Amino acid sequence: MSGFTDTSIQIAATGVRIIYSVPADNLLELAGDPGKASPSSALPFVYLERVKAGWQVEASGERCLLSQALSRTLEAVGSHQYQFTFVCPAGMRELSIRYSLFFEKWPDHENFVRVFMAGQRQRMRFTAEQPTLSIPVADLLRQWGVPRLGVLRQRSQPSLLSGRAST
């Protein structure tokens, strides 16, 4: 089992897109008893609900709404990828993103994160000690001299992400 996962977080005026990649073997731990995993458990959509439950996004103190959830297999690297798009009606002054997968079984687990916002990139990580990232969006935009955020574009092409969509 790998103790590492990888995430890309894109922040825009309309919301947040999370693209989360995880080794397929790690997902067997979410099944409860990895020794009893069925052949269908190798499919990423089997874990979509569990992976989705491991993420929470809040903006300006209010929970953001999940508008899209997709999954696909990354066969070349033995991983699955999940894409979650959240709409944040309360605005994007301050953003809080919580990740809670795998810390209970693997306290040393780390999720490496790249945050993209207003043409800038920041590297962060989720750990058991820091499962929540707080991003002061308005303050950062002011520091960078950026008047406002751009807009998230819908990415639902089957060739990019296939599987079952869920809301």
# chains A, B, ... in the order shown; residues from 1 in each chain; ligands from 1
>>> residues_around(residues="A:Leu140", least_positions_apart="4", cutoff="10 Å", atoms="only C-alpha atoms", output="PyMOL selection string")
chain A and resi 93-94+117-118+120+135-136+144-146
>>> select_by_dssp(residues="chain A", states="strand (DSSP E)", output="number ranges by chain")
A: 4-12, 15-23, 55-59, 62-63, 65-74, 79-87, 95-99, 110-117, 120-127, 132-135
>>> residues_around(residues="A:Cys64", least_positions_apart="3", cutoff="6 Å", atoms="only C-alpha atoms", output="ChimeraX atom specification")
/A:57-58,86-88
>>> closest_residue(among="A:Val51, A:Leu70, A:Ala128, A:Val113", to="A:Asn26", atoms="only C-alpha atoms")
A:Val51
>>> atom_distance(atom1="atom CA of A:Trp55", atom2="atom CA of A:Leu101")
8.0 Å
>>> atom_distance(atom1="atom CA of A:Phe4", atom2="atom CA of A:Ser79")
11.6 Å
>>> residues_around(residues="A:Phe103", least_positions_apart="3", cutoff="10 Å", atoms="only C-alpha atoms", output="VMD selection string")
chain A and resid 3 99 to 100 106 to 110 126 to 129 131
>>> write_last_selection(atoms="C-alpha atoms", output="compact mmCIF listing (two decimals), in the first residue's frame")
# COMPACT_ATOMS: atom_id res chain seq x y z
CA GLY A 3 0.97 6.13 1.96
CA TYR A 99 -9.74 15.64 3.39
CA SER A 100 -10.38 12.64 5.64
CA TRP A 106 -2.57 5.04 8.08
CA PRO A 107 -1.70 7.94 10.44
CA ASP A 108 1.39 8.66 8.31
CA HIS A 109 -0.65 9.03 5.11
CA GLU A 110 0.00 12.21 3.12
CA PHE A 126 -3.06 17.07 3.86
CA THR A 127 -1.85 15.00 6.83
CA ALA A 128 -3.50 13.46 9.89
CA GLU A 129 -2.27 16.48 11.87
CA PRO A 131 -6.57 17.46 7.44
>>> closest_residue(among="A:Ala12, A:Leu66, A:Leu30, A:Val46", to="A:Ala138", atoms="only C-alpha atoms")
A:Ala12
>>> residues_around(residues="A:Gly150", least_positions_apart="3", cutoff="10 Å", atoms="only C-alpha atoms", output="VMD selection string")
chain A and resid 11 to 15 117 to 119 147 153
>>> select_by_dssp(residues="chain A", states="helix (DSSP H, G or I)", output="PyMOL selection string")
chain A and resi 24-31+34-36+39-42+44-53+75-77+137-144
>>> closest_residue(among="A:Thr5, A:Ser60, A:Asn111, A:Ser21", to="A:Leu74", atoms="only C-alpha atoms")
A:Ser21
>>> closest_residue(among="A:Leu27, A:Leu149, A:Leu43, A:Leu95", to="A:Ser134", atoms="only C-alpha atoms")
A:Leu95
>>> closest_residue(among="A:Val77, A:Ile19, A:Ile9, A:Ala53", to="A:Ser96", atoms="only C-alpha atoms")
A:Ile9
>>> atom_distance(atom1="atom CA of A:Phe45", atom2="atom CA of A:Met124")
26.8 Å
>>> residues_around(residues="A:Tyr20", least_positions_apart="6", cutoff="7 Å", atoms="only C-alpha atoms", output="list of chain:residue names")
A:Asp6, A:Thr7, A:Ser8, A:Gln81, A:Tyr82, A:Gln83
